[in-house]
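What's in upload_8.cif: mmCIF, C-alpha atoms and all ligand atoms
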data_upload
loop_
_atom_site.label_atom_id
_atom_site.label_comp_id
_atom_site.auth_asym_id
_atom_site.auth_seq_id
_atom_site.Cartn_x
_atom_site.Cartn_y
_atom_site.Cartn_z
CA MET A 26 0.00 0.00 0.00
CA SER A 27 1.38 3.45 -0.94
CA THR A 28 1.66 6.51 1.27
CA ARG A 29 -1.49 8.60 1.28
CA SER A 30 -1.35 12.38 0.78
CA VAL A 31 -4.20 14.82 1.22
CA VAL A 32 -4.36 18.11 -0.72
CA VAL A 33 -7.05 20.68 0.04
CA HIS A 34 -8.11 23.40 -2.40
CA PRO A 35 -10.35 26.33 -1.42
CA ASP A 36 -13.42 25.35 -3.44
CA ALA A 37 -14.81 22.90 -5.99
CA ALA A 38 -13.98 25.08 -8.98
CA LEU A 39 -10.31 25.33 -8.04
CA LEU A 40 -10.22 21.66 -7.11
CA ALA A 41 -11.37 20.71 -10.62
CA LYS A 42 -8.90 23.09 -12.28
CA ALA A 43 -5.99 21.92 -10.12
CA THR A 44 -6.86 18.24 -10.62
CA ALA A 45 -6.98 18.78 -14.37
CA ALA A 46 -3.57 20.49 -14.29
CA ARG A 47 -2.17 17.71 -12.10
CA LEU A 48 -3.55 15.07 -14.49
CA LEU A 49 -2.04 16.74 -17.53
CA THR A 50 1.32 16.98 -15.76
CA ALA A 51 1.15 13.30 -14.82
CA VAL A 52 0.45 12.36 -18.44
CA LEU A 53 3.27 14.55 -19.77
CA ASP A 54 5.66 13.13 -17.17
CA ARG A 55 4.76 9.59 -18.10
CA GLN A 56 5.13 10.32 -21.80
CA SER A 57 8.70 11.46 -21.22
CA THR A 58 9.63 7.85 -20.38
CA ALA A 59 6.92 5.59 -21.82
CA PRO A 60 5.06 5.55 -25.13
CA ARG A 61 1.77 4.47 -23.59
CA VAL A 62 -0.33 6.00 -20.82
CA ASP A 63 -3.39 4.32 -19.30
CA LEU A 64 -5.85 6.60 -17.50
CA CYS A 65 -8.93 5.39 -15.69
CA LEU A 66 -11.69 8.01 -15.56
CA THR A 67 -14.50 8.56 -13.09
CA GLY A 68 -18.02 9.88 -13.35
CA GLY A 69 -19.68 12.09 -10.77
CA THR A 70 -19.92 15.82 -10.32
CA VAL A 71 -16.34 16.79 -9.64
CA GLY A 72 -15.00 14.01 -11.87
CA ILE A 73 -16.79 15.32 -14.95
CA ARG A 74 -15.99 18.91 -14.01
CA THR A 75 -12.32 17.93 -13.90
CA LEU A 76 -12.54 16.48 -17.42
CA ALA A 77 -14.12 19.71 -18.64
CA GLU A 78 -11.20 21.61 -17.08
CA VAL A 79 -8.73 19.38 -18.96
CA ALA A 80 -10.44 20.49 -22.18
CA GLN A 81 -10.12 24.14 -21.10
CA ASP A 82 -6.46 23.87 -20.09
CA PRO A 83 -4.21 24.83 -23.03
CA VAL A 84 -1.59 22.37 -21.76
CA HIS A 85 -3.75 19.53 -23.11
CA GLU A 86 -2.35 20.42 -26.53
CA ALA A 87 1.14 19.36 -25.35
CA VAL A 88 -0.03 15.79 -24.74
CA ASP A 89 0.35 13.13 -27.43
CA TRP A 90 -3.17 11.81 -27.08
CA THR A 91 -2.55 9.08 -29.66
CA GLY A 92 -0.57 7.26 -26.95
CA VAL A 93 -3.21 7.61 -24.25
CA HIS A 94 -5.71 4.85 -23.45
CA LEU A 95 -8.87 5.76 -21.53
CA TRP A 96 -10.81 3.45 -19.24
CA TRP A 97 -13.61 3.83 -16.67
CA GLY A 98 -13.75 2.84 -13.02
CA ASP A 99 -17.47 2.22 -13.14
CA GLU A 100 -20.48 2.70 -15.34
CA ARG A 101 -24.21 3.03 -15.00
CA PHE A 102 -25.69 0.08 -16.95
CA LEU A 103 -27.74 1.98 -19.52
CA ALA A 104 -28.02 2.10 -23.31
CA ASP A 105 -25.25 3.63 -25.38
CA GLY A 106 -25.57 7.41 -25.49
CA ASP A 107 -27.75 7.66 -22.38
CA GLY A 108 -26.97 10.98 -20.71
CA ASP A 109 -26.52 9.29 -17.34
CA ARG A 110 -23.67 7.09 -18.56
CA ASN A 111 -20.28 8.19 -17.29
CA GLU A 112 -18.94 7.56 -20.79
CA THR A 113 -21.51 9.88 -22.40
CA GLN A 114 -20.70 12.64 -19.92
CA ALA A 115 -16.94 12.21 -20.41
CA ARG A 116 -17.32 12.37 -24.19
CA ALA A 117 -19.32 15.60 -23.91
CA ALA A 118 -16.96 17.18 -21.37
CA LEU A 119 -13.66 16.20 -22.95
CA LEU A 120 -13.27 13.35 -25.38
CA ARG A 121 -14.93 15.03 -28.35
CA ASP A 122 -12.19 17.68 -28.13
CA LEU A 123 -9.23 15.30 -28.01
CA PRO A 124 -7.45 13.44 -30.82
CA VAL A 125 -7.62 10.12 -28.94
CA PRO A 126 -7.92 7.26 -31.45
CA ALA A 127 -11.28 5.52 -31.13
CA GLU A 128 -9.55 2.20 -30.44
CA ASN A 129 -7.87 3.76 -27.37
CA ILE A 130 -11.22 4.54 -25.74
CA HIS A 131 -12.44 1.60 -23.68
CA PRO A 132 -15.97 2.23 -22.37
CA ILE A 133 -17.69 -0.32 -20.18
CA PRO A 134 -20.17 -2.06 -22.53
CA ALA A 135 -23.61 -0.46 -22.61
CA ARG A 136 -26.94 -2.26 -22.32
CA SER A 137 -27.96 -3.72 -25.69
CA SER A 138 -29.56 -6.84 -27.15
CA SER A 139 -26.17 -8.59 -27.04
CA VAL A 140 -25.31 -7.18 -23.59
CA PRO A 141 -28.57 -7.74 -21.72
CA ASP A 142 -27.31 -7.57 -18.14
CA PRO A 143 -24.51 -6.14 -15.96
CA GLU A 144 -22.97 -9.63 -15.69
CA THR A 145 -22.33 -9.75 -19.44
CA SER A 146 -21.00 -6.20 -19.48
CA ALA A 147 -18.65 -6.89 -16.54
CA ALA A 148 -17.35 -10.08 -18.18
CA LEU A 149 -16.73 -8.31 -21.51
CA TYR A 150 -14.91 -5.49 -19.72
CA ALA A 151 -12.71 -7.96 -17.87
CA ASP A 152 -11.80 -9.43 -21.28
CA GLU A 153 -10.98 -5.96 -22.64
CA LEU A 154 -8.81 -5.18 -19.61
CA ALA A 155 -6.98 -8.49 -20.00
CA ALA A 156 -6.41 -7.88 -23.71
CA HIS A 157 -4.46 -4.72 -22.80
CA ALA A 158 -2.65 -6.10 -19.76
CA PRO A 159 1.09 -6.65 -19.63
CA ASP A 160 2.31 -10.27 -19.62
CA GLY A 161 1.42 -12.00 -16.37
CA SER A 162 -1.27 -9.48 -15.44
CA SER A 163 -5.04 -9.33 -15.92
CA VAL A 164 -5.44 -5.56 -16.14
CA PRO A 165 -3.49 -2.67 -17.71
CA GLU A 166 -1.03 -0.76 -15.55
CA PHE A 167 -3.11 2.33 -14.89
CA ASP A 168 -0.87 5.35 -14.53
CA VAL A 169 -3.62 7.33 -12.82
CA LEU A 170 -6.98 5.97 -11.69
CA LEU A 171 -9.42 8.74 -10.78
CA LEU A 172 -12.23 8.10 -8.33
CA GLY A 173 -15.09 10.36 -7.32
CA MET A 174 -16.65 9.64 -3.95
CA GLY A 175 -20.29 9.79 -2.88
CA PRO A 176 -21.59 11.11 0.47
CA ASP A 177 -21.89 7.44 1.54
CA ALA A 178 -18.13 7.02 0.83
CA HIS A 179 -18.73 4.88 -2.26
CA VAL A 180 -16.04 4.89 -4.93
CA ALA A 181 -16.49 3.55 -8.45
CA SER A 182 -19.71 1.53 -7.83
CA LEU A 183 -18.46 -0.07 -4.61
CA PHE A 184 -21.21 0.76 -2.13
CA PRO A 185 -21.24 0.28 1.65
CA GLY A 186 -22.42 -3.17 2.64
CA HIS A 187 -22.61 -4.47 -0.92
CA PRO A 188 -21.19 -7.84 -2.01
CA GLU A 189 -18.94 -6.31 -4.70
CA LEU A 190 -16.68 -5.09 -1.88
CA SER A 191 -15.39 -8.63 -1.60
CA ALA A 192 -15.71 -9.67 -5.25
CA SER A 193 -12.84 -11.86 -6.38
CA GLY A 194 -12.54 -10.86 -10.06
CA PHE A 195 -11.35 -7.66 -11.73
CA THR A 196 -14.79 -6.30 -12.60
CA ALA A 197 -18.16 -6.90 -10.99
CA PRO A 198 -21.83 -6.46 -11.88
CA VAL A 199 -23.84 -4.34 -9.44
CA HIS A 200 -27.54 -4.72 -8.65
CA GLY A 201 -29.54 -2.65 -6.21
CA SER A 202 -27.25 0.39 -6.17
CA PRO A 203 -28.56 2.89 -3.59
CA LYS A 204 -27.75 5.63 -6.09
CA PRO A 205 -29.68 5.37 -9.37
CA PRO A 206 -29.53 3.65 -11.71
CA SER A 207 -29.64 0.46 -9.70
CA GLU A 208 -27.73 -1.63 -12.25
CA ARG A 209 -24.07 -0.83 -12.75
CA VAL A 210 -20.67 -2.32 -13.48
CA THR A 211 -17.61 -1.58 -11.37
CA LEU A 212 -13.92 -2.31 -11.15
CA THR A 213 -13.09 -4.26 -8.01
CA TYR A 214 -10.50 -3.46 -5.37
CA ALA A 215 -8.09 -5.89 -7.06
CA THR A 216 -8.07 -3.69 -10.14
CA ILE A 217 -8.13 -0.35 -8.33
CA ARG A 218 -5.22 -1.37 -6.12
CA SER A 219 -3.11 -2.41 -9.11
CA ALA A 220 -3.01 1.21 -10.38
CA ARG A 221 0.21 3.15 -9.94
CA GLN A 222 -1.60 6.21 -8.68
CA VAL A 223 -5.10 6.39 -7.23
CA TRP A 224 -6.61 9.85 -6.83
CA VAL A 225 -9.84 10.26 -4.84
CA VAL A 226 -11.46 13.59 -5.73
CA ALA A 227 -14.30 14.98 -3.61
CA ALA A 228 -16.00 18.33 -3.07
CA GLY A 229 -18.80 19.60 -0.85
CA ALA A 230 -19.75 19.63 2.82
CA GLU A 231 -22.06 16.64 2.27
CA LYS A 232 -18.92 14.53 1.70
CA ALA A 233 -17.08 15.67 4.86
CA ASP A 234 -18.22 12.76 7.07
CA ALA A 235 -17.34 10.23 4.35
CA VAL A 236 -13.91 11.82 3.90
CA ALA A 237 -13.24 11.75 7.64
CA SER A 238 -14.40 8.14 7.95
CA SER A 239 -12.28 7.00 5.01
CA LEU A 240 -9.16 8.86 6.09
CA ARG A 241 -9.31 7.44 9.60
CA GLY A 242 -9.43 4.01 7.99
CA ASP A 243 -12.92 2.84 8.81
CA ASP A 244 -13.72 -0.60 7.41
CA VAL A 245 -14.54 -0.76 3.71
CA THR A 246 -17.96 -2.18 4.51
CA VAL A 247 -18.91 1.26 5.89
CA ALA A 248 -16.43 3.47 4.00
CA PRO A 249 -15.49 1.85 0.68
CA ALA A 250 -13.17 4.77 -0.19
CA SER A 251 -10.87 3.79 2.67
CA GLY A 252 -9.86 0.72 0.66
CA ALA A 253 -8.85 2.63 -2.48
CA TYR A 254 -5.12 2.97 -2.88
CA GLY A 255 -2.46 2.68 -5.55
CA THR A 256 0.86 0.86 -5.68
CA GLU A 257 2.97 4.04 -5.85
CA ARG A 258 0.77 6.87 -4.67
CA THR A 259 -2.63 7.55 -3.16
CA LEU A 260 -3.81 11.12 -3.35
CA TRP A 261 -6.92 12.62 -1.81
CA LEU A 262 -7.84 15.84 -3.61
CA LEU A 263 -10.49 17.76 -1.70
CA ASP A 264 -12.11 21.12 -1.47
CA ALA A 265 -12.20 22.81 1.93
CA ALA A 266 -15.83 21.84 2.52
CA ALA A 267 -15.18 18.13 1.93
CA ALA A 268 -12.08 18.35 4.10
CA GLY A 269 -14.25 19.76 6.90
CA SER A 270 -12.25 22.97 7.02
CA ALA A 271 -14.58 25.39 5.19
O1 LIG B 1 -22.58 7.40 -9.41
C1 LIG B 1 -21.44 7.76 -9.29
O2 LIG B 1 -21.11 8.58 -8.26
C2 LIG B 1 -19.78 8.79 -7.83
C3 LIG B 1 -19.67 10.14 -7.12
O3 LIG B 1 -20.51 11.10 -7.71
P1 LIG B 1 -20.68 12.58 -7.15
O4 LIG B 1 -21.68 13.23 -8.08
O5 LIG B 1 -21.18 12.50 -5.74
O6 LIG B 1 -19.35 13.24 -7.25
C4 LIG B 1 -18.83 8.64 -8.99
O7 LIG B 1 -17.53 8.61 -8.51
C5 LIG B 1 -19.11 7.37 -9.78
O8 LIG B 1 -18.18 7.22 -10.84
C6 LIG B 1 -20.46 7.46 -10.34
O9 LIG B 1 -20.84 6.34 -11.12
#
What's the structure tokens form of this structure?
Amino acid sequence: MSTRSVVVHPDAALLAKATAARLLTAVLDRQSTAPRVDLCLTGGTVGIRTLAEVAQDPVHEAVDWTGVHLWWGDERFLADGDGDRNETQARAALLRDLPVPAENIHPIPARSSSVPDPETSAALYADELAAHAPDGSSVPEFDVLLLGMGPDAHVASLFPGHPELSASGFTAPVHGSPKPPSERVTLTYATIRSARQVWVVAAGAEKADAVASSLRGDDVTVAPASGAYGTERTLWLLDAAAAGSA
């Protein structure tokens, strides 16, 4: 488990701008030594706002986006193009503005006639992850894995008290999510914890209790975010309200 650092920005707007700048720097740094970068994106309010800030930041033009692969930490199990899908929101906020080759974008499969349930989607995504994994591994080496966090301390679609918290594979189907829609697909802890860097990004006073609980290391069954960490670095990026210092 890596060392955990906490960074607090004054408000949600600055948090999103700073996280975008930090992400772009991480990508540029990685590209100075490796041809390929794997980023795992998040949905949620501050997560999508961060992606929009990447699009606004002129530094994004310095990145070689043809070498960047994009993944998702979780997805709402809905039809392709549904406005509530994390993928749809990410495309609108950022991806339509970037020259990322289509084959480098790896959305979690949407509901369709050939993908009728979250189980099928989760299995197909596990296959896609494995197809891009280095030898001997089942998932890509994520350089940065972004996670939003809900007021109940959920990350990705790992919710308090839910069975996916102890799922053994690399992806898991979710039923009965307390946050709509009820059907989802999520990466598991095994996948999250294989990332080099895990960044948990949260804003708002309604998240302060969840932040405090996670940072004091409460059990994942009550604070799933407490179990999210990377192999090299774990970063909590907060606004003052979420940090409880507003
Ligand atoms: O449903 C989800 O919620 C969380 C957090 O969302 P927020 O709006 O409270 O920031 C998000 O991280 C996750 O990816 C998403 O599917």
Restrict the calculation to only C-alpha atoms and all ligand atoms, then for each residue of chain A with any atom at most 6 Å from an atom of ligand LIG 1 (chain B) give the closest atom pair and their distance in Å to one decimal, rows by chain and rising residue number, as a Markdown table.
| residue | atom | partner | partner_atom | distance |
| --- | --- | --- | --- | --- |
| A:Thr67 | CA | B:LIG1 | O8 | 4.5 |
| A:Gly68 | CA | B:LIG1 | O8 | 3.7 |
| A:Gly69 | CA | B:LIG1 | O3 | 3.3 |
| A:Thr70 | CA | B:LIG1 | O4 | 3.9 |
| A:Val71 | CA | B:LIG1 | O6 | 5.2 |
| A:Asp99 | CA | B:LIG1 | O8 | 5.5 |
| A:Glu100 | CA | B:LIG1 | O9 | 5.6 |
| A:Leu172 | CA | B:LIG1 | O7 | 5.3 |
| A:Gly173 | CA | B:LIG1 | O7 | 3.2 |
| A:Met174 | CA | B:LIG1 | C3 | 4.4 |
| A:Gly175 | CA | B:LIG1 | O5 | 4.0 |
| A:Val180 | CA | B:LIG1 | O7 | 5.4 |
| A:Ala181 | CA | B:LIG1 | O8 | 4.7 |
| A:Ser182 | CA | B:LIG1 | O9 | 5.9 |
Proximity check segment 77-114 of chain A to segment 196-212 of chain A, 9 Å, nearest pairs one decimal Å, all atoms listed in the file, as CSV:
residue,atom,partner,partner_atom,distance
A:Trp97,CA,A:Leu212,CA,8.3
A:Gly98,CA,A:Leu212,CA,5.5
A:Asp99,CA,A:Thr211,CA,4.2
A:Glu100,CA,A:Val210,CA,5.4
A:Arg101,CA,A:Arg209,CA,4.5
A:Phe102,CA,A:Arg209,CA,4.6
A:Leu103,CA,A:Glu208,CA,8.1
A:Asp109,CA,A:Pro206,CA,8.5
Calculated over all atoms listed in the file, which of the candidates A:Pro141, A:Pro35, A:Pro185, A:Pro165 has the smallest distance to His94 of chain A?
A:Pro165
Interface rows for segment 139-249 of chain A against segment 36-42 of chain A: nearest pair, Å to one decimal, 12 Å, all atoms listed in the file, as a tab-separated table:
residue	atom	partner	partner_atom	distance
A:Gly173	CA	A:Ala41	CA	11.5
A:Val225	CA	A:Leu40	CA	11.6
A:Val226	CA	A:Leu40	CA	8.3
A:Ala227	CA	A:Ala37	CA	8.3
A:Ala228	CA	A:Ala37	CA	5.6
A:Gly229	CA	A:Ala37	CA	7.3
A:Ala230	CA	A:Asp36	CA	10.6
Report, in Å with one decimal, the straight-line distance from atom CA of Ser163 of chain A to atom CA of His131 of chain A.
15.3 Å
Using all atoms listed in the file for the distances, tell me which of A:Ser239, A:Thr246, A:Gln114, A:Ser191 is nearest to Pro176 of chain A.
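So, comparing all the options, the nearest one is A:Ser239.
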One decimal, Å: what's the distance from atom CA of Val33 of chain A over to atom CA of Ala87 of chain A, could you say?
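Between atom CA of Val33 of chain A and atom CA of Ala87 of chain A the gap is 26.7 Å.
Nearest to Gly92 of chain A of all the residues A:Val140, A:Val52, A:Leu119, A:Leu190 is A:Val52, based on only C-alpha atoms.
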Hey, what's within 6 Å of Leu171 of chain A if we count only C-alpha atoms and toss same-chain stuff fewer than 5 positions away? As number ranges by chain, please?
A: 65-67, 224
Select, from A:Ala178, A:Val84, A:Ile133, A:Leu95, the residue with the minimum atom-to-atom distance to Val236 of chain A, counting only C-alpha atoms.
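For Val236 of chain A, the nearest of the candidates is A:Ala178.
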Top pick for closest residue to Ala77 of chain A, considering A:Arg218, A:Arg61, A:Ala45, A:Ala235 and counting all atoms listed in the file:
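Smallest distance to Ala77 of chain A is found for A:Ala45.
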Could you check how far atom CA of Thr28 of chain A sits from atom CA of Gly269 of chain A, in Å to one decimal?
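About the pair atom CA of Thr28 of chain A and atom CA of Gly269 of chain A: they are 21.5 Å apart.
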Who sits within 12 Å of Ala155 of chain A, only C-alpha atoms, same chain under 6 positions skipped, as a PyMOL selection string:
chain A and resi 148-149+161-166+194-196+216
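With all atoms listed in the file as the atoms that count, the residue of A:His34, A:Arg29, A:Lys232, A:Arg136 with the shortest distance to Thr256 of chain A is A:Arg29.
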